[in-house]
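Undergrad: You'll find model.txt just under this line, and it carries compact mmCIF, C-alpha atoms.
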# COMPACT_ATOMS: atom_id res chain seq x y z
CA MET A 1356 0.00 0.00 0.00
CA ARG A 1357 1.32 3.41 -0.99
CA ILE A 1358 0.16 6.31 1.17
CA LEU A 1359 0.45 10.03 0.47
CA LEU A 1360 0.49 12.23 3.58
CA ILE A 1361 -0.16 15.94 3.22
CA SER A 1362 -1.43 18.46 5.71
CA ASP A 1363 -1.68 22.18 6.35
CA LEU A 1364 -2.72 23.11 2.84
CA HIS A 1365 -4.33 26.18 4.44
CA TYR A 1366 -6.53 26.74 1.40
CA THR A 1367 -3.55 26.89 -0.98
CA LEU A 1368 -5.37 25.97 -4.18
CA PRO A 1369 -2.35 25.13 -6.36
CA GLN A 1370 -1.36 22.59 -3.72
CA TRP A 1371 -4.85 21.10 -3.85
CA ASP A 1372 -4.48 20.88 -7.63
CA TRP A 1373 -1.20 19.04 -7.15
CA ALA A 1374 -2.88 16.63 -4.74
CA VAL A 1375 -5.62 15.83 -7.26
CA ARG A 1376 -3.07 15.20 -9.99
CA SER A 1377 -0.88 13.07 -7.72
CA ALA A 1378 -3.60 10.99 -6.07
CA PRO A 1379 -3.80 8.26 -8.76
CA ARG A 1380 -0.26 7.15 -7.85
CA PHE A 1381 -1.37 6.20 -4.35
CA ASP A 1382 -3.61 3.70 -2.63
CA LEU A 1383 -4.59 6.21 0.05
CA VAL A 1384 -4.36 9.98 0.39
CA VAL A 1385 -4.25 11.30 3.96
CA LEU A 1386 -5.07 14.92 4.71
CA ALA A 1387 -3.93 15.55 8.27
CA GLY A 1388 -5.70 18.80 9.03
CA ASP A 1389 -5.80 22.55 8.42
CA SER A 1390 -7.32 22.25 4.99
CA LEU A 1391 -8.95 25.63 5.59
CA ASP A 1392 -7.32 28.86 6.70
CA ILE A 1393 -8.95 31.19 9.17
CA ALA A 1394 -6.58 34.02 8.19
CA SER A 1395 -7.59 33.90 4.51
CA SER A 1396 -9.57 36.75 2.98
CA VAL A 1397 -11.94 34.09 1.60
CA PRO A 1398 -14.79 33.39 4.07
CA LEU A 1399 -14.68 29.95 5.64
CA GLU A 1400 -18.10 29.22 4.15
CA ALA A 1401 -16.67 29.65 0.66
CA GLN A 1402 -13.51 27.73 1.51
CA VAL A 1403 -15.69 24.83 2.62
CA VAL A 1404 -17.51 24.72 -0.71
CA VAL A 1405 -14.24 24.65 -2.65
CA THR A 1406 -12.58 22.14 -0.33
CA LEU A 1407 -15.49 19.71 -0.50
CA ARG A 1408 -15.23 19.80 -4.29
CA TYR A 1409 -11.52 19.07 -4.10
CA LEU A 1410 -12.29 16.15 -1.79
CA ALA A 1411 -14.73 14.78 -4.35
CA LEU A 1412 -12.05 15.05 -7.05
CA LEU A 1413 -9.51 13.35 -4.79
CA LYS A 1414 -11.94 10.58 -3.93
CA ALA A 1415 -12.51 9.92 -7.62
CA ALA A 1416 -8.77 9.41 -8.01
CA ALA A 1417 -7.92 7.43 -4.86
CA PRO A 1418 -9.27 6.60 -1.40
CA VAL A 1419 -8.89 9.64 0.83
CA VAL A 1420 -9.31 10.39 4.52
CA ILE A 1421 -9.33 13.82 6.11
CA ALA A 1422 -8.86 14.87 9.71
CA SER A 1423 -9.62 18.29 11.11
CA GLY A 1424 -7.09 20.78 12.37
CA ASN A 1425 -7.60 23.91 14.41
CA HIS A 1426 -8.13 25.99 11.26
CA ASP A 1427 -10.95 23.68 10.15
CA LEU A 1428 -13.28 24.41 13.07
CA THR A 1429 -16.48 26.11 11.95
CA GLY A 1430 -18.68 26.12 15.04
CA PRO A 1431 -19.68 24.47 18.29
CA ASP A 1432 -20.86 20.87 18.38
CA ALA A 1433 -23.82 19.64 20.44
CA HIS A 1434 -21.71 20.00 23.58
CA GLY A 1435 -20.55 23.52 22.80
CA GLU A 1436 -16.99 22.54 21.86
CA GLN A 1437 -15.54 23.83 18.59
CA SER A 1438 -15.74 21.30 15.79
CA ALA A 1439 -15.23 20.97 12.05
CA LEU A 1440 -18.96 20.74 11.40
CA TRP A 1441 -18.51 20.88 7.63
CA LEU A 1442 -16.70 17.56 7.54
CA ALA A 1443 -20.06 15.83 7.96
CA ALA A 1444 -20.61 16.72 4.32
CA ALA A 1445 -17.30 15.05 3.46
CA ARG A 1446 -18.45 11.90 5.22
CA ALA A 1447 -21.75 12.04 3.35
CA GLY A 1448 -19.69 12.18 0.17
CA GLY A 1449 -17.89 8.97 1.10
CA VAL A 1450 -14.71 10.43 2.61
CA PRO A 1451 -13.88 9.04 6.08
CA THR A 1452 -13.19 11.85 8.51
CA ASP A 1453 -13.18 12.85 12.18
CA GLY A 1454 -14.12 9.88 14.35
CA ASP A 1455 -14.14 7.38 11.48
CA SER A 1456 -11.93 4.44 10.61
CA TRP A 1457 -10.80 3.48 7.12
CA LEU A 1458 -10.07 -0.18 6.74
CA ALA A 1459 -8.05 -1.95 4.05
CA ALA A 1460 -6.98 -5.60 3.91
CA ASP A 1461 -4.08 -5.19 6.34
CA ALA A 1462 -4.39 -1.63 7.59
CA ARG A 1463 -6.72 0.45 9.70
CA VAL A 1464 -6.60 4.23 9.64
CA THR A 1465 -8.10 5.91 12.69
CA VAL A 1466 -9.05 9.48 11.83
CA CYS A 1467 -8.93 11.63 14.94
CA PRO A 1468 -10.64 15.01 15.12
CA TRP A 1469 -9.05 18.17 16.43
CA TRP A 1470 -10.52 18.04 19.92
CA ASP A 1471 -11.20 21.38 21.54
CA GLY A 1472 -12.51 20.60 24.99
CA PRO A 1473 -12.74 17.86 27.59
CA LEU A 1474 -15.59 15.99 25.92
CA GLY A 1475 -13.79 15.98 22.58
CA ARG A 1476 -10.64 14.74 24.25
CA ALA A 1477 -12.57 11.93 25.92
CA ALA A 1478 -14.14 10.99 22.60
CA VAL A 1479 -10.73 10.66 20.96
CA GLU A 1480 -9.51 8.56 23.86
CA ALA A 1481 -12.52 6.27 23.46
CA GLN A 1482 -12.06 6.14 19.68
CA LEU A 1483 -8.45 5.01 20.04
CA ALA A 1484 -9.37 2.41 22.66
CA ALA A 1485 -12.11 1.02 20.43
CA ASP A 1486 -9.83 0.72 17.41
CA ALA A 1487 -7.03 -0.77 19.54
CA ALA A 1488 -9.24 -3.78 20.05
CA ARG A 1489 -9.43 -4.40 16.32
CA ARG A 1490 -6.00 -3.40 15.01
CA PRO A 1491 -4.79 -5.28 11.93
CA THR A 1492 -1.18 -5.58 10.70
CA HIS A 1493 -0.78 -1.85 10.25
CA TRP A 1494 -2.51 0.66 12.49
CA LEU A 1495 -2.28 4.30 11.45
CA TRP A 1496 -3.62 7.35 13.25
CA VAL A 1497 -4.31 10.66 11.63
CA TYR A 1498 -3.93 13.31 14.33
CA HIS A 1499 -3.23 16.93 13.53
CA TRP A 1500 -0.78 17.94 16.26
CA PRO A 1501 2.52 16.05 16.77
CA PRO A 1502 3.36 14.95 20.31
CA LEU A 1503 5.16 17.26 22.70
CA GLY A 1504 8.90 16.61 22.91
CA SER A 1505 9.18 15.06 19.45
CA PRO A 1506 11.46 16.60 16.79
CA THR A 1507 8.33 16.59 14.61
CA CYS A 1508 7.04 19.52 16.71
CA TRP A 1509 10.33 21.45 16.93
CA THR A 1510 9.87 24.99 15.60
CA GLY A 1511 13.54 25.83 15.72
CA GLU A 1512 13.05 27.58 19.02
CA ARG A 1513 10.84 25.31 21.09
CA HIS A 1514 8.90 22.09 21.14
CA TYR A 1515 5.33 23.02 20.23
CA GLY A 1516 3.45 19.79 20.65
CA ASP A 1517 0.27 18.13 21.78
CA THR A 1518 0.33 17.31 25.46
CA GLU A 1519 -1.93 14.26 25.28
CA LEU A 1520 -0.77 12.39 22.19
CA GLY A 1521 2.46 11.06 23.68
CA GLY A 1522 0.52 9.27 26.40
CA TRP A 1523 -1.84 7.71 23.90
CA ILE A 1524 1.05 6.55 21.74
CA GLY A 1525 2.64 4.99 24.82
CA ARG A 1526 -0.59 3.22 25.69
CA HIS A 1527 -1.54 1.86 22.25
CA ALA A 1528 1.73 1.83 20.29
CA PRO A 1529 0.23 2.37 16.83
CA ASP A 1530 2.48 1.77 13.84
CA PHE A 1531 2.12 5.28 12.47
CA VAL A 1532 0.84 8.66 13.60
CA LEU A 1533 0.35 11.03 10.67
CA THR A 1534 0.38 14.66 11.77
CA GLY A 1535 0.87 18.26 10.66
CA HIS A 1536 0.09 21.54 12.46
CA VAL A 1537 3.68 22.64 13.22
CA HIS A 1538 5.06 23.89 9.92
CA GLU A 1539 8.79 24.21 10.59
CA PRO A 1540 10.20 20.93 11.98
CA PRO A 1541 11.35 19.27 8.71
CA PHE A 1542 12.99 22.53 7.66
CA LYS A 1543 15.09 22.85 10.81
CA PRO A 1544 18.34 20.91 11.23
CA THR A 1545 17.34 19.96 14.76
CA GLY A 1546 13.75 19.18 13.80
CA SER A 1547 12.47 16.33 11.69
CA TRP A 1548 9.72 14.98 9.47
CA ALA A 1549 9.99 11.62 11.23
CA ASP A 1550 10.33 10.39 14.78
CA ARG A 1551 10.42 6.87 16.14
CA ILE A 1552 8.73 6.52 19.51
CA GLY A 1553 8.92 2.87 20.53
CA ARG A 1554 7.40 0.95 17.65
CA THR A 1555 5.56 4.03 16.40
CA TRP A 1556 6.64 6.25 13.51
CA VAL A 1557 5.40 9.83 13.83
CA PHE A 1558 5.44 11.79 10.59
CA ASN A 1559 4.95 15.51 9.91
CA ALA A 1560 5.66 16.78 6.39
CA GLY A 1561 5.63 20.45 7.42
CA ARG A 1562 4.37 23.29 5.29
CA GLN A 1563 6.00 25.11 2.39
CA ILE A 1564 5.04 27.78 -0.13
CA GLY A 1565 4.62 27.05 -3.84
CA PRO A 1566 2.39 24.76 -5.87
CA VAL A 1567 3.69 21.50 -4.41
CA PRO A 1568 3.06 20.83 -0.73
CA ALA A 1569 5.74 19.26 1.38
CA HIS A 1570 4.62 15.65 1.56
CA ILE A 1571 5.51 12.19 2.79
CA GLU A 1572 5.15 8.97 0.84
CA ILE A 1573 4.83 5.73 2.79
CA ASP A 1574 5.17 2.39 1.05
CA LEU A 1575 4.08 -0.31 3.48
CA ALA A 1576 5.01 -3.20 1.20
CA ALA A 1577 8.47 -1.83 0.50
CA GLY A 1578 8.95 -0.81 4.13
CA ARG A 1579 10.01 2.69 3.14
CA ALA A 1580 8.99 6.29 3.82
CA SER A 1581 10.26 9.42 2.10
CA TRP A 1582 9.83 13.16 2.57
CA HIS A 1583 9.74 15.55 -0.36
CA SER A 1584 10.09 19.34 -0.23
CA MET A 1585 11.69 22.37 -1.83
CA LEU A 1586 14.67 21.65 0.41
CA GLY A 1587 15.15 18.20 -1.08
CA SER A 1588 14.13 14.66 -0.24
CA GLU A 1589 15.00 12.23 2.50
CA ALA A 1590 14.07 8.60 3.05
CA LEU A 1591 14.10 6.00 5.75
CA GLN A 1592 13.38 2.32 6.14
CA LEU A 1593 10.44 1.55 8.37
CA SER A 1594 12.62 -1.12 9.98
CA ASP A 1595 15.08 1.55 11.14
CA ALA A 1596 15.33 1.61 14.91
CA ALA A 1597 15.64 5.39 14.92
CA THR A 1598 15.32 8.35 12.61
CA PRO A 1599 18.32 8.56 10.27
CA ALA A 1600 20.51 11.66 10.33
CA ARG A 1601 19.24 14.57 8.25
CA THR A 1602 20.80 14.83 4.80
CA VAL A 1603 19.25 17.92 3.20
CA PHE A 1604 21.26 20.44 5.20
CA MET B 850 -27.23 63.12 -15.42
CA ASP B 851 -26.67 59.73 -13.86
CA GLU B 852 -29.87 58.40 -12.30
CA MET B 853 -28.19 57.47 -9.00
CA LEU B 854 -26.61 60.90 -8.79
CA ALA B 855 -29.98 62.53 -9.30
CA LEU B 856 -31.64 60.35 -6.66
CA SER B 857 -28.90 61.07 -4.12
CA ALA B 858 -28.71 64.81 -4.77
CA HIS B 859 -30.49 65.48 -1.47
CA LEU B 860 -27.68 63.86 0.52
CA PRO B 861 -25.00 66.10 2.06
CA LYS B 862 -21.75 66.44 0.14
CA GLN B 863 -18.34 65.54 1.46
CA VAL B 864 -15.05 66.58 -0.16
CA PHE B 865 -11.99 64.32 -0.13
CA GLU B 866 -8.57 65.58 -1.13
CA ALA B 867 -6.11 63.34 -2.99
CA GLY B 868 -4.89 60.67 -0.59
CA ASP B 869 -7.87 60.90 1.74
CA SER B 870 -9.59 57.63 2.62
CA VAL B 871 -13.34 57.40 2.07
CA VAL B 872 -13.55 54.03 3.83
CA ARG B 873 -10.91 51.69 5.25
CA GLU B 874 -10.92 47.91 4.90
CA GLY B 875 -11.95 46.20 8.13
CA GLU B 876 -13.52 49.26 9.74
CA PRO B 877 -17.19 49.08 10.74
CA GLY B 878 -19.46 49.76 7.77
CA GLY B 879 -22.93 51.17 7.40
CA SER B 880 -22.52 54.38 5.42
CA ILE B 881 -23.05 54.75 1.69
CA TRP B 882 -21.35 57.26 -0.59
CA VAL B 883 -22.24 58.28 -4.13
CA LEU B 884 -19.48 59.76 -6.29
CA GLU B 885 -20.37 63.10 -7.82
CA ALA B 886 -16.97 64.04 -9.21
CA GLY B 887 -13.37 62.94 -8.88
CA ALA B 888 -11.50 59.64 -8.90
CA LEU B 889 -11.22 56.84 -6.36
CA GLN B 890 -8.89 53.89 -6.01
CA VAL B 891 -10.09 50.62 -4.41
CA ARG B 892 -7.55 48.47 -2.57
CA LYS B 893 -8.16 45.07 -1.01
CA ALA B 894 -5.51 43.58 1.27
CA GLY B 895 -3.09 46.19 -0.11
CA VAL B 896 -3.74 45.26 -3.73
CA VAL B 897 -5.35 47.78 -6.08
CA VAL B 898 -8.46 46.07 -7.46
CA ASN B 899 -10.38 48.89 -9.07
CA HIS B 900 -10.55 52.56 -10.05
CA ILE B 901 -13.82 54.47 -9.83
CA THR B 902 -14.43 57.63 -11.84
CA ARG B 903 -18.05 57.28 -13.01
CA PRO B 904 -20.36 59.88 -11.43
CA GLY B 905 -23.11 58.00 -9.62
CA ALA B 906 -20.85 55.10 -8.59
CA ILE B 907 -21.60 53.76 -5.11
CA VAL B 908 -19.24 53.04 -2.24
CA GLY B 909 -20.15 51.03 0.87
CA GLU B 910 -23.30 49.33 -0.36
CA VAL B 911 -22.10 45.77 0.31
CA SER B 912 -21.23 46.45 3.95
CA ALA B 913 -24.50 48.33 4.37
CA LEU B 914 -26.48 45.39 2.98
CA LEU B 915 -24.57 42.70 4.85
CA HIS B 916 -24.08 44.71 8.06
CA CYS B 917 -20.38 43.91 7.99
CA ALA B 918 -17.08 45.80 7.95
CA TYR B 919 -15.90 47.47 4.77
CA GLY B 920 -14.31 44.89 2.52
CA ALA B 921 -11.89 47.28 0.83
CA THR B 922 -10.14 50.58 1.29
CA VAL B 923 -11.30 53.39 -0.99
CA VAL B 924 -8.94 56.36 -1.41
CA ALA B 925 -9.39 59.54 -3.41
CA THR B 926 -6.67 59.90 -6.05
CA GLU B 927 -7.72 63.47 -6.82
CA ARG B 928 -10.01 65.99 -5.21
CA SER B 929 -13.36 64.18 -5.10
CA VAL B 930 -16.89 65.06 -4.10
CA LEU B 931 -19.24 62.39 -2.76
CA HIS B 932 -22.75 62.42 -1.38
CA HIS B 933 -22.88 60.74 1.99
CA ALA B 934 -25.65 58.77 3.69
CA VAL B 935 -24.51 58.07 7.24
CA ASN B 936 -27.09 55.33 7.65
CA GLY B 937 -26.86 53.27 4.49
CA PRO B 938 -29.51 50.66 5.38
CA ALA B 939 -31.98 53.43 6.24
CA LEU B 940 -31.32 55.10 2.89
CA LEU B 941 -32.04 51.85 1.06
CA ASP B 942 -35.18 51.21 3.14
CA SER B 943 -36.60 54.66 2.51
CA HIS B 944 -35.70 55.05 -1.18
CA PRO B 945 -36.81 52.05 -3.26
CA ALA B 946 -35.51 53.65 -6.44
CA ILE B 947 -32.01 53.89 -4.94
CA ALA B 948 -32.28 50.32 -3.64
CA ARG B 949 -33.27 49.14 -7.12
CA LEU B 950 -30.26 50.85 -8.70
CA VAL B 951 -27.98 49.31 -6.08
CA ALA B 952 -29.47 45.89 -6.88
CA VAL B 953 -29.02 46.46 -10.61
CA GLY B 954 -25.39 47.42 -10.08
CA LEU B 955 -24.72 44.34 -7.98
CA ALA B 956 -26.48 42.11 -10.51
CA GLU B 957 -24.41 43.56 -13.35
CA ARG B 958 -21.18 42.96 -11.49
CA LEU B 959 -22.23 39.44 -10.58
CA ASN B 960 -23.09 38.74 -14.19
CA HIS B 961 -19.71 40.03 -15.35
CA VAL B 962 -17.88 37.90 -12.82
CA THR B 963 -19.77 34.70 -13.50
CA THR B 964 -19.53 35.10 -17.26
CA TYR B 965 -15.80 35.70 -17.10
CA LEU B 966 -15.27 32.78 -14.76
CA ALA B 967 -17.41 30.41 -16.81
CA ASP B 968 -15.16 31.16 -19.77
CA LEU B 969 -12.10 30.71 -17.58
CA LYS B 970 -13.42 27.28 -16.62
CA ALA B 971 -13.82 26.31 -20.26
CA GLN B 972 -10.36 27.49 -21.25
CA TYR B 973 -8.57 25.92 -18.27
CA ALA B 974 -10.53 22.70 -18.06
CA ASP B 975 -7.47 20.68 -17.09
CA VAL B 976 -6.76 22.68 -13.92
CA PRO B 977 -9.04 21.37 -11.13
CA GLY B 978 -9.16 24.58 -9.13
CA LEU B 979 -10.20 26.64 -12.14
CA HIS B 980 -12.46 24.04 -13.67
CA MET B 981 -14.69 24.09 -10.57
CA VAL B 982 -15.05 27.86 -10.42
CA SER B 983 -18.46 28.30 -11.99
CA ALA B 984 -19.91 25.42 -9.98
CA VAL B 985 -18.52 26.93 -6.80
CA LEU B 986 -20.00 30.31 -7.67
CA ARG B 987 -23.38 28.76 -8.36
CA GLU B 988 -23.27 26.92 -5.04
CA LEU B 989 -22.16 30.01 -3.14
CA SER B 990 -24.85 32.13 -4.74
CA GLU B 991 -27.49 29.68 -3.50
CA ARG B 992 -25.95 29.00 -0.10
CA GLN B 993 -28.03 29.98 2.92
CA GLY B 994 -26.31 28.00 5.69
CA GLU B 995 -25.11 28.98 9.13
CA ARG B 996 -22.26 31.45 9.40
CA ALA B 997 -18.99 29.81 10.42
CA ARG B 998 -17.59 30.50 13.86
CA PRO B 999 -13.89 29.74 13.47
CA GLY B 1000 -11.19 29.35 16.05
CA SER B 1001 -9.84 26.88 18.54
CA ALA B 1002 -9.97 27.30 22.30
CA ARG B 1003 -7.18 24.75 22.74
CA ASP B 1004 -4.74 26.40 20.34
CA PRO B 1005 -5.96 29.84 19.28
CA ASN B 1006 -2.65 30.66 17.57
CA PRO B 1007 -3.65 31.39 13.93
CA ASP B 1008 -0.02 30.88 12.80
CA TYR B 1009 -0.49 27.12 13.21
Would you encode the structure as structure tokens?
TA:
Amino acid sequence: MRILLISDLHYTLPQWDWAVRSAPRFDLVVLAGDSLDIASSVPLEAQVVVTLRYLALLKAAAPVVIASGNHDLTGPDAHGEQSALWLAAARAGGVPTDGDSWLAADARVTVCPWWDGPLGRAAVEAQLAADAARRPTHWLWVYHWPPLGSPTCWTGERHYGDTELGGWIGRHAPDFVLTGHVHEPPFKPTGSWADRIGRTWVFNAGRQIGPVPAHIEIDLAAGRASWHSMLGSEALQLSDAATPARTVF
Amino acid sequence: MDEMLALSAHLPKQVFEAGDSVVREGEPGGSIWVLEAGALQVRKAGVVVNHITRPGAIVGEVSALLHCAYGATVVATERSVLHHAVNGPALLDSHPAIARLVAVGLAERLNHVTTYLADLKAQYADVPGLHMVSAVLRELSERQGERARPGSARDPNPDY
């Protein structure tokens, strides 16, 4: 299975175009959050319309899953916590999203929402526990924010990570956690696009300008992952015990 | 004489010297201006998007109709005279003829935009983001959903 991981498109339309064109080369496209951009001059309502159409185009080219990030929140859920309400339309269109699982022959992808309050956090915890009981050969999480302390959340000045994810990784030891949110780590010599925590690989492609998003390709059959950006490309073997030294600097 | 100019002749005049701002992007809206003479430049996010010189042209009508902040900055590029209605919505409510002209102007602009974009879609059919433009416009023009309430309590930093 070949997986394309991209995140933090932040309503960058040329990068969406690239994703649509690239999707046929993959067996799964993972969008790990911040598809929208709250700082854009385009209203979120309009961004949602465009993004849902891109999702439909992606889905026609390859299976796709999408998780929410903090920029994707459009209003309070039934409990008053901020939520990406619009992703219900993605689900209705056949794209697994927040709270869903995508299942292939030997892989399960657990799509975690951006949680924004105690009830949302508890729901993610329950979602992970439920999927832990039915994990196949490969268990992947899509979770927007990398774990605190990981080089995948290193901004160049500080670790800017999720305070809860590390504990959940320790408890469930998934094979992969596919993240985004922190844009700088792969572009800093002391940061990284990959981190091995126990048996778990954490990936964050970062964010770059231009028509091609920074992205990560994972080939489960070949046991290989590679990162591609304007800075260059790097690769690792999934059997590596630790992240290889950076080579693009 | 332009019909809008004739209908707004009763409104007080305001003079703007070159460089003066009529409205500023992001500031609270509500007022409507009608250009009597002069020239205006329209900037959005720092980018010049239009020049207005036609007597009878309207400024501020979108924010007055939507009760939102001004969506662009309008600056006089020469000495300009505009008629000013402090309460734009009240002007539209009390003068159906003015409201109709505002609607006609908006419809004309919408028609120009959609026609141009439909052609763009046809000519750039192999670019997904452009190919969808007319469908997106149609959907947006019919949309009547809830307004989005963005932002995260857990990480309100918009840089990430």
Undergrad: Give me, as a ChimeraX atom specification, the residues of chain A touching chain B, with the criterion being at most 7 Å (counting only C-alpha atoms).
TA: /A:1368,1372,1393-1394,1399-1401,1404-1405,1425-1426,1428-1430,1437,1471,1536-1537
Undergrad: Quick check, in Å to one decimal: how far apart do atom CA of Ala1569 of chain A and atom CA of Met1585 of chain A lie?
TA: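 Interatomic distance, atom CA of Ala1569 of chain A to atom CA of Met1585 of chain A: 7.4 Å.
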Undergrad: If you measure from atom CA of Leu1360 of chain A to atom CA of Lys970 of chain B, what distance in Å do you get, rounded to one decimal?
TA: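 Result for atom CA of Leu1360 of chain A versus atom CA of Lys970 of chain B: 28.8 Å, one decimal.
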Undergrad: Work out how far apart atom CA of Ala886 of chain B and atom CA of Gly937 of chain B are and give it in Å to one decimal.
TA: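 Taking atom CA of Ala886 of chain B and atom CA of Gly937 of chain B, their separation equals 20.0 Å.
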Undergrad: Which residue gives the smallest distance to Asp1453 of chain A among A:Tyr1498, A:Trp1509, A:Phe1604, A:Tyr1409, with all atoms listed in the file counted?
TA: A:Tyr1498
Undergrad: Box along x, y and z, 6 Å on every side, all listed atoms of segment 858-874 of chain B inside: centre and edge lengths in Å to one decimal, as lines of an AutoDock Vina configuration file.
TA:
center_x = -17.7
center_y = 57.2
center_z = 0.2
size_x = 37.6
size_y = 30.7
size_z = 22.0
Undergrad: Which one is closest to His1570 of chain A: A:Thr1602, A:Thr1367, A:Gln1402, A:Ser1377? Count only C-alpha atoms.
TA: A:Ser1377
Undergrad: Pick from B:Val908, B:Val962, B:Leu950, B:Val897: nearest to Gly878 of chain B, with all atoms listed in the file counted?
TA: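 Of all the options, B:Val908 lies closest to Gly878 of chain B.
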Undergrad: Just the residues within 7 Å of Val924 of chain B, please, counting all atoms listed in the file, with nothing from its chain fewer than 4 positions along; format it as a list in words.
TA: Gly868, Asp869, Ser870, Val871, Leu889, Gln890 and Val891 of chain B
Undergrad: Env of Leu1383 of chain A: 8 Å cut, atoms = all atoms listed in the file, seq-sep filter 4 positions within chain, self excluded. Answer as an mmCIF file with C-alpha atoms, keeping the file's coordinate frame.
TA:
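As written to disk, selection.cif reads:
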data_model
loop_
_atom_site.group_PDB
_atom_site.id
_atom_site.type_symbol
_atom_site.label_atom_id
_atom_site.label_comp_id
_atom_site.auth_asym_id
_atom_site.auth_seq_id
_atom_site.Cartn_x
_atom_site.Cartn_y
_atom_site.Cartn_z
ATOM 1 C CA MET A 1356 0.000 0.000 0.000
ATOM 2 C CA ARG A 1357 1.320 3.410 -0.990
ATOM 3 C CA ILE A 1358 0.160 6.310 1.170
ATOM 4 C CA LEU A 1359 0.450 10.030 0.470
ATOM 5 C CA ALA A 1378 -3.600 10.990 -6.070
ATOM 6 C CA ALA A 1417 -7.920 7.430 -4.860
ATOM 7 C CA PRO A 1418 -9.270 6.600 -1.400
ATOM 8 C CA VAL A 1419 -8.890 9.640 0.830
ATOM 9 C CA VAL A 1420 -9.310 10.390 4.520
#
Undergrad: Have a look at B:Leu931, B:Gly875, B:His900, B:Leu884 and name the one nearest to Gln863 of chain B; count all atoms listed in the file.
TA: B:Leu931
Undergrad: Taking all atoms listed in the file into account, name the residue in A:Pro1599, A:Pro1379, A:Pro1501, A:Pro1529 that is nearest to Ala1487 of chain A.
TA: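 Checking each candidate against Ala1487 of chain A, we get A:Pro1529 as the closest.
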Undergrad: Taking all atoms listed in the file into account, which of B:Ala974, B:Val872, B:Ile901, B:Met853 comes nearest Val923 of chain B?
TA: B:Val872
Undergrad: Give me the residues within 12 Å of His859 of chain B as a PyMOL selection string, counting only C-alpha atoms and dropping any in the same chain fewer than 4 places off.
TA: chain B and resi 853-855+883+931-934+940+944
Undergrad: For Cys1508 of chain A, work out the shell of residues within 9 Å, counting all atoms listed in the file and skipping chain neighbours fewer than 3 positions away, then give it as a list of chain:residue names.
TA: A:Trp1500, A:Pro1501, A:Pro1502, A:Leu1503, A:Gly1504, A:Ser1505, A:Arg1513, A:His1514, A:Tyr1515, A:Gly1516, A:Asp1517, A:Gly1535, A:His1536, A:Val1537, A:His1538, A:Glu1539, A:Pro1540, A:Gly1546, A:Ser1547, A:Trp1548, A:Asn1559
Undergrad: List the neighbours of segment 1591-1595 of chain A out to 9 Å using all atoms listed in the file; skip same-chain residues closer than 5 positions along the sequence, and give me the result as an NGL selection string.
TA: :A and (1549 or 1551 or 1556 or 1573 or 1575 or 1577-1582)
